[in-house]
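Content type mmCIF, C-alpha atoms, from the file run-v7.cif:
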data_run
#
loop_
_atom_site.label_atom_id
_atom_site.label_comp_id
_atom_site.auth_asym_id
_atom_site.auth_seq_id
_atom_site.Cartn_x
_atom_site.Cartn_y
_atom_site.Cartn_z
CA MET L 1 -166.55 8.50 -155.36
CA SER L 2 -163.80 8.85 -158.03
CA VAL L 3 -161.81 5.84 -159.19
CA ARG L 4 -158.05 6.25 -159.09
CA PRO L 5 -156.80 5.97 -162.70
CA LEU L 6 -154.43 3.27 -163.91
CA PRO L 7 -150.91 4.28 -164.98
CA GLN L 8 -150.80 5.36 -168.63
CA SER L 9 -147.21 4.42 -169.46
CA ILE L 10 -144.37 2.15 -168.42
CA ASP L 11 -142.67 5.08 -166.68
CA GLU L 12 -145.83 5.85 -164.70
CA THR L 13 -146.06 2.17 -163.71
CA LEU L 14 -142.46 2.24 -162.56
CA GLN L 15 -143.12 5.40 -160.55
CA LEU L 16 -146.23 3.85 -159.02
CA LEU L 17 -144.26 0.82 -157.81
CA ASN L 18 -141.25 2.81 -156.63
CA GLY L 19 -143.49 5.30 -154.86
CA ALA L 20 -144.86 2.50 -152.70
CA GLY L 21 -141.36 1.25 -151.84
CA TYR L 22 -141.33 -1.59 -154.37
CA VAL L 23 -138.04 -1.33 -156.28
CA ALA L 24 -138.89 -2.85 -159.64
CA ASP L 25 -136.90 -3.21 -162.83
CA ARG L 26 -138.23 -1.96 -166.17
CA SER L 27 -139.15 -5.41 -167.50
CA LEU L 28 -141.55 -5.99 -164.60
CA ALA L 29 -143.02 -2.50 -164.98
CA THR L 30 -143.54 -3.17 -168.70
CA VAL L 31 -145.45 -6.43 -168.27
CA LEU L 32 -147.48 -4.97 -165.41
CA PHE L 33 -148.42 -1.93 -167.50
CA LEU L 34 -149.49 -4.18 -170.37
CA SER L 35 -151.49 -6.37 -168.01
CA LEU L 36 -153.38 -3.35 -166.68
CA LYS L 37 -153.81 -1.82 -170.14
CA MET L 38 -155.02 -5.01 -171.81
CA GLY L 39 -157.10 -6.26 -168.87
CA ARG L 40 -155.22 -9.56 -168.85
CA PRO L 41 -154.22 -11.55 -165.73
CA LEU L 42 -150.55 -11.28 -164.75
CA PHE L 43 -148.83 -14.61 -164.11
CA LEU L 44 -145.75 -14.21 -161.89
CA GLU L 45 -143.41 -17.15 -161.45
CA GLY L 46 -140.25 -17.30 -159.35
CA GLU L 47 -138.64 -18.59 -156.20
CA ALA L 48 -140.35 -17.99 -152.87
CA GLY L 49 -139.51 -14.65 -151.28
CA VAL L 50 -138.66 -12.63 -154.40
CA GLY L 51 -141.62 -10.26 -154.05
CA LYS L 52 -144.38 -11.72 -156.25
CA THR L 53 -147.19 -11.41 -153.70
CA GLU L 54 -146.03 -7.94 -152.74
CA ILE L 55 -146.88 -6.63 -156.22
CA ALA L 56 -150.59 -7.26 -155.66
CA LYS L 57 -150.41 -5.56 -152.26
CA VAL L 58 -148.67 -2.54 -153.77
CA LEU L 59 -151.32 -2.28 -156.52
CA SER L 60 -154.07 -2.41 -153.92
CA GLN L 61 -152.37 0.30 -151.87
CA THR L 62 -151.44 2.66 -154.69
CA LEU L 63 -154.66 2.30 -156.70
CA ASP L 64 -156.79 2.38 -153.53
CA ARG L 65 -158.64 -0.78 -154.47
CA ARG L 66 -159.79 -3.72 -152.42
CA LEU L 67 -157.34 -6.63 -152.25
CA ILE L 68 -159.02 -10.04 -152.44
CA ARG L 69 -156.60 -12.87 -151.76
CA LEU L 70 -157.16 -16.50 -152.61
CA GLN L 71 -154.42 -18.47 -150.85
CA CYS L 72 -154.14 -21.80 -152.66
CA TYR L 73 -153.47 -25.13 -150.95
CA GLU L 74 -153.83 -28.81 -151.69
CA GLY L 75 -157.50 -29.79 -151.53
CA LEU L 76 -158.83 -26.28 -152.25
CA ASP L 77 -162.31 -26.71 -153.68
CA VAL L 78 -165.14 -24.65 -155.13
CA ALA L 79 -166.92 -24.35 -151.76
CA SER L 80 -163.86 -22.68 -150.22
CA ALA L 81 -162.81 -20.61 -153.22
CA VAL L 82 -166.02 -19.64 -155.03
CA TYR L 83 -169.27 -20.10 -153.11
CA GLU L 84 -171.36 -22.35 -150.93
CA TRP L 85 -174.98 -22.32 -149.87
CA ASN L 86 -175.99 -21.15 -146.41
CA TYR L 87 -177.69 -24.41 -145.43
CA THR L 88 -178.75 -23.17 -141.98
CA ALA L 89 -180.56 -20.15 -143.44
CA GLN L 90 -182.13 -22.35 -146.11
CA MET L 91 -183.47 -24.77 -143.47
CA ILE L 92 -184.97 -21.91 -141.46
CA GLU L 93 -186.64 -20.56 -144.61
CA ILE L 94 -188.08 -24.00 -145.38
CA ARG L 95 -189.40 -24.43 -141.83
CA LEU L 96 -191.01 -20.99 -141.94
CA ALA L 97 -192.63 -21.80 -145.29
CA GLU L 98 -193.95 -25.10 -143.92
CA ALA L 99 -195.33 -23.37 -140.82
CA ALA L 100 -197.07 -20.83 -143.04
CA GLY L 101 -198.65 -23.63 -145.10
CA ASP L 102 -196.73 -22.76 -148.28
CA SER L 103 -196.73 -26.00 -150.29
CA ASP L 104 -195.38 -24.73 -153.63
CA ARG L 105 -192.12 -26.71 -153.72
CA ARG L 106 -190.89 -25.23 -156.99
CA MET L 107 -191.24 -21.67 -155.74
CA LEU L 108 -189.61 -22.62 -152.45
CA ALA L 109 -186.64 -24.23 -154.22
CA GLU L 110 -186.15 -21.12 -156.37
CA ASP L 111 -186.34 -19.01 -153.24
CA VAL L 112 -183.74 -20.85 -151.13
CA PHE L 113 -181.32 -21.25 -154.06
CA SER L 114 -181.09 -17.53 -154.70
CA GLU L 115 -178.43 -14.91 -154.00
CA PRO L 116 -179.54 -14.03 -150.43
CA PHE L 117 -178.61 -17.59 -149.41
CA LEU L 118 -175.28 -17.55 -151.22
CA ILE L 119 -172.04 -17.33 -149.24
CA LYS L 120 -169.53 -15.63 -151.52
CA ARG L 121 -165.91 -16.75 -151.36
CA PRO L 122 -162.90 -14.90 -152.90
CA VAL L 123 -163.53 -15.76 -156.58
CA LEU L 124 -167.13 -14.57 -156.47
CA GLN L 125 -166.19 -11.50 -154.42
CA ALA L 126 -163.60 -10.57 -157.07
CA LEU L 127 -166.29 -10.48 -159.76
CA GLU L 128 -168.51 -8.04 -157.87
CA PRO L 129 -168.56 -4.33 -158.77
CA ASP L 130 -166.87 -1.94 -156.37
CA LEU L 131 -167.18 1.83 -156.02
CA ASN L 132 -163.37 2.17 -155.93
CA GLY L 133 -162.99 0.23 -159.18
CA PRO L 134 -162.43 -3.45 -159.92
CA PRO L 135 -160.55 -5.11 -157.04
CA ILE L 136 -157.04 -6.55 -157.08
CA PHE L 137 -157.55 -10.32 -157.13
CA LEU L 138 -154.49 -12.21 -155.90
CA ILE L 139 -154.45 -15.95 -156.63
CA ASP L 140 -151.44 -16.81 -154.50
CA GLU L 141 -149.23 -19.90 -154.90
CA LEU L 142 -151.44 -21.58 -157.49
CA ASP L 143 -148.94 -24.45 -157.72
CA ARG L 144 -150.13 -25.62 -154.29
CA ALA L 145 -153.69 -26.25 -155.56
CA ASP L 146 -154.80 -29.38 -157.41
CA GLU L 147 -154.94 -29.47 -161.21
CA ALA L 148 -158.74 -29.82 -161.06
CA PHE L 149 -159.03 -26.45 -159.37
CA GLU L 150 -156.56 -24.98 -161.84
CA ALA L 151 -158.88 -26.14 -164.65
CA PHE L 152 -161.84 -24.54 -162.90
CA LEU L 153 -160.08 -21.16 -163.02
CA LEU L 154 -159.97 -21.15 -166.83
CA GLU L 155 -163.49 -19.72 -167.09
CA VAL L 156 -162.70 -17.08 -164.48
CA LEU L 157 -159.46 -15.95 -166.13
CA SER L 158 -160.69 -15.94 -169.73
CA ASP L 159 -164.27 -14.63 -169.36
CA ASN L 160 -164.33 -13.09 -165.86
CA GLN L 161 -167.29 -15.21 -164.94
CA VAL L 162 -168.36 -18.29 -162.98
CA THR L 163 -171.31 -20.55 -163.51
CA ILE L 164 -173.47 -21.62 -160.57
CA PRO L 165 -175.83 -24.45 -161.59
CA GLU L 166 -178.81 -23.23 -159.52
CA ILE L 167 -178.50 -19.56 -160.57
CA GLY L 168 -176.65 -19.39 -163.86
CA THR L 169 -173.60 -17.42 -164.98
CA ILE L 170 -172.32 -14.49 -162.95
CA ARG L 171 -170.08 -12.15 -164.93
CA ALA L 172 -168.02 -9.24 -163.64
CA PRO L 173 -169.20 -5.87 -165.06
CA GLU L 174 -165.50 -4.88 -165.19
CA PRO L 175 -162.61 -7.38 -165.07
CA PRO L 176 -160.73 -7.48 -161.76
CA VAL L 177 -156.98 -6.87 -161.79
CA VAL L 178 -155.76 -10.45 -161.46
CA VAL L 179 -152.29 -11.40 -160.20
CA VAL L 180 -151.44 -15.13 -160.19
CA THR L 181 -148.29 -16.29 -158.39
CA THR L 182 -146.52 -19.64 -158.34
CA ASN L 183 -143.30 -20.85 -156.71
CA ARG L 184 -142.88 -23.46 -159.44
CA THR L 185 -143.20 -26.49 -157.17
CA ARG L 186 -145.09 -28.00 -160.13
CA GLU L 187 -145.77 -26.92 -163.69
CA ILE L 188 -148.94 -24.98 -164.37
CA HIS L 189 -150.88 -26.10 -167.45
CA ASP L 190 -150.34 -24.18 -170.69
CA ALA L 191 -154.09 -23.55 -171.01
CA LEU L 192 -154.01 -21.35 -167.93
CA LYS L 193 -150.76 -19.62 -168.87
CA ARG L 194 -152.17 -18.72 -172.28
CA ARG L 195 -154.82 -16.61 -170.58
CA CYS L 196 -152.19 -14.54 -168.78
CA LEU L 197 -149.18 -12.35 -169.41
CA TYR L 198 -146.14 -14.16 -168.02
CA HIS L 199 -143.17 -12.78 -166.09
CA TRP L 200 -140.35 -14.55 -164.28
CA VAL L 201 -139.47 -12.70 -161.07
CA ASP L 202 -135.77 -13.31 -160.47
CA TYR L 203 -133.54 -12.47 -157.55
CA PRO L 204 -132.49 -8.80 -157.81
CA ASP L 205 -128.93 -7.84 -158.65
CA ALA L 206 -126.82 -6.29 -155.91
CA GLU L 207 -127.60 -2.69 -156.83
CA ARG L 208 -131.36 -3.23 -156.80
CA GLU L 209 -131.29 -5.34 -153.66
CA LEU L 210 -129.35 -2.58 -151.85
CA ARG L 211 -132.01 -0.07 -152.90
CA ILE L 212 -134.69 -2.44 -151.57
CA VAL L 213 -132.91 -2.80 -148.21
CA ASN L 214 -132.44 0.95 -147.84
CA GLU L 215 -136.07 1.52 -148.80
CA ARG L 216 -137.63 -1.14 -146.58
CA VAL L 217 -135.42 -1.29 -143.47
CA PRO L 218 -135.57 1.97 -141.53
CA GLY L 219 -132.41 2.84 -139.66
CA VAL L 220 -130.13 0.34 -141.38
CA ARG L 221 -126.55 1.63 -141.48
CA GLU L 222 -124.96 2.12 -144.88
CA ARG L 223 -122.01 -0.20 -144.35
CA LEU L 224 -124.19 -2.92 -142.83
CA ALA L 225 -126.66 -2.72 -145.73
CA ARG L 226 -123.87 -3.06 -148.30
CA GLU L 227 -122.28 -6.00 -146.50
CA VAL L 228 -125.62 -7.76 -145.97
CA VAL L 229 -126.44 -7.50 -149.66
CA GLY L 230 -122.93 -8.52 -150.71
CA PHE L 231 -123.02 -11.56 -148.42
CA VAL L 232 -126.49 -12.66 -149.56
CA GLN L 233 -125.54 -12.29 -153.22
CA ARG L 234 -122.54 -14.56 -152.57
CA LEU L 235 -124.68 -16.97 -150.58
CA ARG L 236 -127.06 -17.48 -153.51
CA ARG L 237 -124.19 -18.87 -155.57
CA GLU L 238 -123.74 -21.70 -153.05
CA ASP L 239 -125.22 -25.15 -153.53
CA LEU L 240 -128.11 -24.75 -151.09
CA PHE L 241 -131.41 -26.58 -150.78
CA LYS L 242 -133.22 -23.22 -150.39
CA LYS L 243 -131.52 -19.99 -151.34
CA PRO L 244 -132.53 -16.86 -149.38
CA GLY L 245 -135.04 -14.56 -151.10
CA VAL L 246 -135.43 -10.82 -150.78
CA ALA L 247 -137.78 -11.35 -147.84
CA GLU L 248 -134.98 -13.12 -145.96
CA THR L 249 -132.50 -10.34 -146.84
CA LEU L 250 -134.90 -7.77 -145.38
CA ASP L 251 -135.47 -9.91 -142.28
CA TRP L 252 -131.72 -10.29 -141.77
CA ALA L 253 -131.01 -6.58 -142.22
CA SER L 254 -133.83 -5.80 -139.76
CA ALA L 255 -132.54 -8.35 -137.23
CA LEU L 256 -128.97 -7.02 -137.42
CA THR L 257 -130.25 -3.47 -137.06
CA GLU L 258 -132.17 -4.56 -133.96
CA LEU L 259 -128.85 -5.92 -132.64
CA ASP L 260 -127.35 -2.46 -133.28
CA MET L 261 -124.77 -3.84 -135.70
CA VAL L 262 -122.83 -1.45 -137.92
CA ALA L 263 -121.08 -4.18 -139.94
CA LEU L 264 -120.99 -7.96 -140.28
CA ASP L 265 -118.60 -10.21 -138.40
CA PRO L 266 -118.24 -14.00 -138.61
CA GLU L 267 -119.62 -14.60 -135.13
CA VAL L 268 -122.84 -12.66 -135.62
CA ILE L 269 -123.31 -14.29 -139.03
CA SER L 270 -123.19 -17.76 -137.45
CA ASP L 271 -125.55 -16.68 -134.66
CA THR L 272 -128.16 -15.29 -137.08
CA LEU L 273 -127.96 -17.66 -140.06
CA GLY L 274 -131.40 -19.01 -139.11
CA VAL L 275 -132.91 -15.73 -140.29
CA LEU L 276 -131.51 -16.35 -143.79
CA LEU L 277 -131.54 -20.13 -144.13
CA LYS L 278 -134.38 -22.45 -143.16
CA TYR L 279 -132.76 -25.88 -143.42
CA GLN L 280 -130.19 -27.24 -140.98
CA ASP L 281 -128.17 -28.84 -143.78
CA ASP L 282 -127.80 -25.42 -145.43
CA ILE L 283 -126.83 -23.78 -142.14
CA GLY L 284 -124.29 -26.53 -141.40
CA ARG L 285 -122.73 -26.05 -144.84
CA ILE L 286 -122.30 -22.27 -144.41
CA GLU L 287 -121.58 -21.59 -140.74
CA GLY L 288 -118.00 -21.35 -139.54
CA SER L 289 -115.12 -20.99 -141.97
CA ARG L 290 -117.31 -20.89 -145.10
CA SER L 291 -119.30 -17.90 -143.86
CA LYS L 292 -116.01 -16.09 -143.10
CA GLN L 293 -114.80 -16.81 -146.65
CA LEU L 294 -118.05 -15.47 -148.10
CA LEU L 295 -117.79 -12.33 -145.99
CA ASP L 296 -114.18 -11.77 -147.08
CA GLU L 297 -115.17 -12.24 -150.74
CA ALA L 298 -118.09 -9.83 -150.37
CA ARG L 299 -115.90 -7.19 -148.74
CA ALA L 300 -113.24 -7.58 -151.43
CA GLU L 301 -115.86 -7.06 -154.12
CA LEU L 302 -117.24 -3.99 -152.34
CA ALA L 303 -113.73 -2.54 -151.98
CA ALA L 304 -113.00 -3.11 -155.66
CA ALA L 305 -116.21 -1.32 -156.63
CA GLU L 306 -115.37 1.82 -154.60
#
Let me see the structure of the file written as structure tokens.
Amino acid sequence: MSVRPLPQSIDETLQLLNGAGYVADRSLATVLFLSLKMGRPLFLEGEAGVGKTEIAKVLSQTLDRRLIRLQCYEGLDVASAVYEWNYTAQMIEIRLAEAAGDSDRRMLAEDVFSEPFLIKRPVLQALEPDLNGPPIFLIDELDRADEAFEAFLLEVLSDNQVTIPEIGTIRAPEPPVVVVTTNRTREIHDALKRRCLYHWVDYPDAERELRIVNERVPGVRERLAREVVGFVQRLRREDLFKKPGVAETLDWASALTELDMVALDPEVISDTLGVLLKYQDDIGRIEGSRSKQLLDEARAELAAAE
């Protein structure tokens, strides 16, 4: 089975992303190309919903490689992320050995603490060889995990290996393509960042966000798409607890398309603000006269640009 080659230039990387419907700017394509070329993990930081996780999915799809996702959370430990022993299988093996009269404890211990009794979690899976090429290893929302787990990842990110006390060190024959994301709810230690290439994923400008909407929302009408993007761009300038990301823009455009809308109006904006905003204080601040003002401003800007 042939391995799909990596892009050989920034332009090829840009084409690869765009071809899968991910509208990227050149700075992202540049750091991604360098990450692939140098075999270094890519550290993506930015607000929730700006498309960080999607990059790993697009790489998996376009390079035809397995996507292994480690979703981080508070309390994530080695047993859930790396490996654990299959205690039930080990007990059965011990009972069978006892029944057979095998009394060599040292040999038995070496037997039950070997790879056949190992349950491999995402980190260990990412280090295994694959016929399609090294997998895409997504370490998602690392800021949700504890600092102790973050420290554990240093060996994985720098040397592509983990150490299991009973077996020894397991090293990947080829480094996986690692994408680390964080929503910046806490700072990630410099030691981990130094092992990666860093990129801040910002909200897209209006032109790029319109391309994203047209690319990702089938059937969206041209005027509606332009007004949705113009309104969301205005909305992000407001003093909100949580500004809408690209994911929310796409959800809103899809919802309005489902409602067969051809353009925005103040009433439908108020009725559907919950698609864009996820906190009642934010919704209360925008609905009513403020949403009408934002719509008027967005339309005036669109008219001036024509």
* What gap, in Å, lies between CA of Glu209 (chain L) and CA of Phe231 (chain L)? ->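 A separation of 11.6 Å between them.
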* Asked: Within 12 Å of Ala300 (chain L), counting all atoms listed in the file, which residues qualify if same-chain residues fewer than 5 places away don't, as a list in words?
  -> Arg226, Glu227, Gly230, Phe231, Arg234, Gln293, Leu294, Leu295, Ala305 and Glu306 of chain L
Take the residues that were just selected and, keeping C-alpha atoms, output them as a tab-separated table (two decimals), keeping the file's coordinate frame.
chain	number	residue	atom	x	y	z
L	226	ARG	CA	-123.87	-3.06	-148.30
L	227	GLU	CA	-122.28	-6.00	-146.50
L	230	GLY	CA	-122.93	-8.52	-150.71
L	231	PHE	CA	-123.02	-11.56	-148.42
L	234	ARG	CA	-122.54	-14.56	-152.57
L	293	GLN	CA	-114.80	-16.81	-146.65
L	294	LEU	CA	-118.05	-15.47	-148.10
L	295	LEU	CA	-117.79	-12.33	-145.99
L	305	ALA	CA	-116.21	-1.32	-156.63
L	306	GLU	CA	-115.37	1.82	-154.60
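When all atoms listed in the file are used to measure the gap to Leu210 (chain L), the shortest distance among L:Val229, L:Ile136, L:Cys196, L:Ala79 belongs to L:Val229.
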* In Å, with one decimal, what is the gap from CA of Ala247 (chain L) to CA of Lys278 (chain L)? -> 12.5 Å
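Residues matched by the PyMOL selection byres ((chain L and resi 27-36) around 9) in this structure: Leu6, Pro7, Gln8, Ser9, Ile10, Asp11, Glu12, Thr13, Leu14, Leu17, Ala24, Asp25, Arg26, Lys37, Met38, Gly39, Arg40, Pro41, Leu42, Val177, Val178, Cys196, Leu197, Tyr198, His199, Trp200 and Val201 of chain L.
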Determine the axis-aligned bounding box of all atoms of region 77-95 of chain L present in the file, pad each side by 3 Å, and express its centre and edge lengths in Å to one decimal place as AutoDock Vina command-line options.
--center_x -175.9 --center_y -23.2 --center_z -148.3 --size_x 33.1 --size_y 13.1 --size_z 19.7
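The residues returned by the PyMOL selection byres ((chain L and resi 215) around 10) on the shown structure are Asn18, Ala20, Gly21, Tyr22, Val23, Glu209, Leu210, Arg211, Ile212, Val213, Asn214, Arg216, Val217, Pro218, Gly219, Val220 and Leu250 of chain L.
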* Asked: Expressed in Å to a single decimal, how great is the separation between CA of Arg194 (chain L) and CA of Glu84 (chain L)?
  -> 28.9 Å
* Spell out the residues picked by the PyMOL selection byres ((chain L and resi 48-65) around 8) here, as a ChimeraX atom specification. => /L:4-6,16-17,20,22,44-47,66-67,132-138,140,179,181,183,201-203,244-248
* Kindly indicate which residue among L:Cys72, L:Ala304, L:Ala81, L:Ala225 lies nearest to Thr182 (chain L), using only C-alpha atoms for the distances. =>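 Among the listed residues, L:Cys72 lies closest to Thr182 (chain L).
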* For each of L:Thr88, L:Asn160, L:Glu207, L:Gln71, take the minimum atom-to-atom distance to Val180 (chain L), counting only C-alpha atoms, then give the residue where this is smallest. =>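 Looking only at the distances to Val180 (chain L), the closest residue turns out to be L:Gln71.
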* Tell me which of L:Leu124, L:Val3, L:Ala145, L:Leu256 sits closest to Arg171 (chain L), counting all atoms listed in the file. => L:Leu124
* Gly288 (chain L) surroundings by only C-alpha atoms, 9 Å radius, close-in-sequence under 5 positions cut, as an MDAnalysis selection string -> chainID L and resid 266:267 269:270
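Omitting region 146-157 of chain L and its sequence neighbours fewer than 6 positions away, and counting only C-alpha atoms, the residues within 9 Å are L:Arg40, L:Pro41, L:Cys72, L:Tyr73, L:Glu74, L:Gly75, L:Leu76, L:Asp77, L:Val78, L:Val123, L:Leu127, L:Thr163, L:Arg171, L:Val178, L:Ile188, L:His189, L:Ala191, L:Leu192, L:Arg195, L:Cys196.
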* Which of these, L:Leu277, L:Ile139, L:Val262, L:Ala206, has the shortest distance to Glu238 (chain L) once you count all atoms listed in the file? -> L:Leu277
* **Polymer residues at most 10 Å from Glu287 (chain L), all atoms listed in the file, same-chain spacing of 2 or more positions, as JSON, numbers by chain** => {"L": [266, 267, 269, 270, 271, 272, 273, 282, 283, 284, 285, 289, 290, 291, 292]}
Expected file: the selected residues, C-alpha atoms, as a PDB file, in the coordinates of the input:
ATOM      1  CA  PRO L 266    -118.240 -14.000-138.610  1.00  0.00           C
ATOM      2  CA  GLU L 267    -119.620 -14.600-135.130  1.00  0.00           C
ATOM      3  CA  ILE L 269    -123.310 -14.290-139.030  1.00  0.00           C
ATOM      4  CA  SER L 270    -123.190 -17.760-137.450  1.00  0.00           C
ATOM      5  CA  ASP L 271    -125.550 -16.680-134.660  1.00  0.00           C
ATOM      6  CA  THR L 272    -128.160 -15.290-137.080  1.00  0.00           C
ATOM      7  CA  LEU L 273    -127.960 -17.660-140.060  1.00  0.00           C
ATOM      8  CA  ASP L 282    -127.800 -25.420-145.430  1.00  0.00           C
ATOM      9  CA  ILE L 283    -126.830 -23.780-142.140  1.00  0.00           C
ATOM     10  CA  GLY L 284    -124.290 -26.530-141.400  1.00  0.00           C
ATOM     11  CA  ARG L 285    -122.730 -26.050-144.840  1.00  0.00           C
ATOM     12  CA  SER L 289    -115.120 -20.990-141.970  1.00  0.00           C
ATOM     13  CA  ARG L 290    -117.310 -20.890-145.100  1.00  0.00           C
ATOM     14  CA  SER L 291    -119.300 -17.900-143.860  1.00  0.00           C
ATOM     15  CA  LYS L 292    -116.010 -16.090-143.100  1.00  0.00           C
TER      16      LYS L 292
END
